[in-house]
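Since the structure comes first, as structure tokens, the remarks are kept for the end.
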Amino acid sequence: MAKRRALITGITGQDGSYLAEFLLEKDYEVIGMVRRTSTVNFTRIQHIQNRIHLISGDLLDQGSLISTVQESEPHEIYNLAAQSFVPASWKQPVFTGNVTGLGVTRMLEAIRTVNPEIRFYQASSSEMFGKVQEVPQTETTPFYPRSPYGVAKVYGHWITVNYRESYNLFACSGILFNHESPRRGLEFVTRKVTYNVAKIKLGLADELALGNLDARRDWGFAGDYVQAMWLMLQQDQPDDYVVGTGETHAVQELCDAAFSHVGLDWHDYVVQDPRFMRPAEVDLLISNPTKARERLAWIPEVTFTELIQMMVDADIQVLSAEHGL
């Protein structure tokens with residue numbers, strides 16, 4: 001039997017790299033779509049680069065997506081590419097909308113044009129809930145996004161539903177709550193904390209500046225979440241699923257878990273900086289992942305504390321090697 005083929009957009013990102021590893025273990029042929037640009041960073045997929053096939057494509061260019069889908073002939077497409085850093089979406093709102101919103105439409109059009117049998121996964125986001133209308137959030141909770149990124153993700157989510165219902169495509173959205181790992185970008189608060197805790201522990205820094213310490217998030221491990229993406233595309237019927245831990249933690253709990261792991265008290269090092277406050281803050285994002293648990297049999301394995309400790313340990317290792325410590 002021929003191998004199943006998967007095309008992953010955003011393969012060089014955190015989720016793309018974990019998903020590629022997961023699919024390789026499932027004996028898939030993995031094709032990653034990357035933009036033709038000199039700034040693409042392959043660090044996260046370096047260890048598997050000889051086992052995957054990279055292909056050039058751009059979510060801003062309809063023609064390139066049609067060519068990419070024709071050339072790669074995938075059975076499954078995972079659309080993980082986006083301008084995904086929320087604060088940057090206020091600085092680049094039009095670009096964010098074009099990539100994160102309209103880019104989804106272009107990919108769905110490519111599938112409809114080339115092969116409507118392809119199964120499609122869209123990376124939706126808990127940021128779509130924004131100013132939450134109910135706690136916890138489920139698949140039926142109304143969206144109220146609080147950033148250009150969240151607005152763009154709502155568009156991407158609904159266009160996926162629209163193509164599923166209009167053209168009978170097997171198109172699913174995973175509404176993923178915050179998922180982190182040692183591969184998370186340094187601009188995200190979890191990695192910012194763990195990286196700076198490692199620097200402070202190693203004597204390379206003496207304070208950590210953060211914004212709102214009371215902001216609460218439902219944080220899980222990205223390596224667990226990519227399994228849920230795959231499971232959605234293995235079902236008999238396409239549907240949308242909330243994916244999260246069902247627990248919520250404040251930024252100061254994140255600080256406590258990270259600093260205490262290396263024997264330090266976060267109160268001695270953390271300072272609040274108004275520069276890091278969002279123009280519109282998201283209040284309480286917490287998932288109700290019952291549907292994913294019951295229909296996909298998906299349960300996250302890594303706890304919040306284990307996740308933060310894993311990230312601190314990885315950052316200590318990286319910084320020690322960089323600085324010869």
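Residue numbers start at 1 in each chain; chains themselves are named A, B, ... in the order of the structure tokens; ligands are numbered from 1 in the order shown.
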
Identify, with DSSP run on backbone atoms, the residues in region 71-126 of chain A assigned to alpha helix (DSSP H), and express the list as JSON, numbers by chain.
{"A": [71, 72, 86, 87, 88, 89, 90, 91, 93, 94, 95, 96, 103, 104, 105, 106, 107, 108, 109, 110, 111, 112, 113, 114]}

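Using only C-alpha atoms, the residues found no farther than 9 Å from region 104-113 of chain A, other than those of its own chain fewer than 4 positions away, are Leu59, Leu60, Asp61, Gln62, Gly63, Leu65, Ile66, Ser67, Thr68, Val69, Gln70, Ile77, Asn79, Val99, Thr100, Glu117, Ile118, Arg119, Phe120, Gln122, Tyr155, Gly156, His157, Ile159, Thr160, Tyr163, Tyr167, Leu169 and Ala171 of chain A.
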
With C-alpha atoms retained, export the selected residues as a compact mmCIF listing (two decimals), in the first residue's frame.
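So again.txt came out as:
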# COMPACT_ATOMS: atom_id res chain seq x y z
CA LEU A 59 -0.22 31.73 1.25
CA LEU A 60 -0.34 35.20 -0.36
CA ASP A 61 -0.18 33.73 -3.89
CA GLN A 62 -3.11 31.66 -5.21
CA GLY A 63 -1.16 30.36 -8.21
CA LEU A 65 -0.71 27.18 -3.81
CA ILE A 66 -2.40 25.46 -6.76
CA SER A 67 1.04 24.46 -8.07
CA THR A 68 2.12 23.24 -4.62
CA VAL A 69 -0.98 21.06 -4.20
CA GLN A 70 -0.67 19.70 -7.76
CA ILE A 77 -3.08 19.24 4.26
CA ASN A 79 -2.50 24.64 7.40
CA VAL A 99 -1.90 35.64 5.57
CA THR A 100 -3.86 34.38 8.57
CA GLU A 117 -10.85 14.61 -1.83
CA ILE A 118 -7.88 16.06 0.11
CA ARG A 119 -8.55 16.26 3.85
CA PHE A 120 -7.83 19.71 5.31
CA GLN A 122 -7.11 24.52 9.73
CA TYR A 155 -12.29 34.57 9.27
CA GLY A 156 -10.09 31.52 8.61
CA HIS A 157 -12.29 29.41 10.87
CA ILE A 159 -14.32 30.12 5.69
CA THR A 160 -13.28 26.54 6.54
CA TYR A 163 -16.17 25.41 2.25
CA TYR A 167 -18.40 22.08 -1.40
CA LEU A 169 -14.84 19.20 1.59
CA ALA A 171 -12.27 20.37 6.26

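Using only C-alpha atoms, the protein and nucleic acid residues lying no more than 6 Å from region 314-323 of chain A, apart from those fewer than 3 places from it along its own chain, are A:Tyr195, A:Ala198, A:Met311.
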
For a quick check of understanding, using only C-alpha atoms, which of A:Val270, A:Met128, A:Val243, A:Ala228 has the smallest distance to Pro145 (chain A)?
A:Met128

Please compute the CA of Phe143 (chain A)-CA of Thr12 (chain A) distance, one decimal, in Å.
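Separation of CA of Phe143 (chain A) and CA of Thr12 (chain A): 28.7 Å.
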
Using only C-alpha atoms, find the one residue out of A:Asp273, A:Asp313, A:Asp15, A:Asp256 that sits nearest to Leu80 (chain A).
A:Asp15
